[in-house]
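Right, one structure below, let's go through it.
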Amino acid sequence: MTLHVAKGWNGVQFDGLADVRVEPADVRHVVAGFLDAVDWRKLDEAVLARDDLDGAPDELTRGMLAQLRAWALSA
């Protein structure tokens with residue numbers, strides 16, 4: 001989002017452009033909402049179908065985190 005401020009507007013002393021990011025005040029609720037929306041059956045199915053599982057003891061945890069990240073980025 002680009003914020004444009006008109007020169008000379010009642011007390012505003014700004015000349016130029018500013019990048020503005022709008023984020024929730026408390027990101028925890030956004031993350032919790034995302035996780036609440038995850039269907040564990042679909043997650044299980046998607047993780048087991050991944051081609052990057054390598055048989056290591058932590059492969060399912062890594063697979064779940066990678067799958068959740070992929071879904072979050074595509075949301």
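We name chains A, B, ... following the order of the structure tokens; residues begin at 1 in each chain, and ligands are numbered from 1 as shown.
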
- Task: Find the residues around range 63-71 of chain A up to 8 Å (only C-alpha atoms counted), leave out those fewer than 5 positions away in its own chain, and share them as a list in words.
- Result: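 Returned residues: Leu43, Asp44, Ala46, Val47, Arg50, Asp52 and Leu53 of chain A.
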
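What separates CA of Leu48 in chain A from CA of Leu35 in chain A is a distance of 18.6 Å.
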
- Distance of CA of Asp36 in chain A from CA of Ala56 in chain A, expressed in Å to one decimal place: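 Atom-to-atom, CA of Ala56 in chain A to CA of Asp36 in chain A, that is 27.8 Å.
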
- Message: One decimal, in Å: what's the spacing between CA of Leu60 in chain A and CA of Trp40 in chain A?
- Response: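 It comes out at 13.2 Å.
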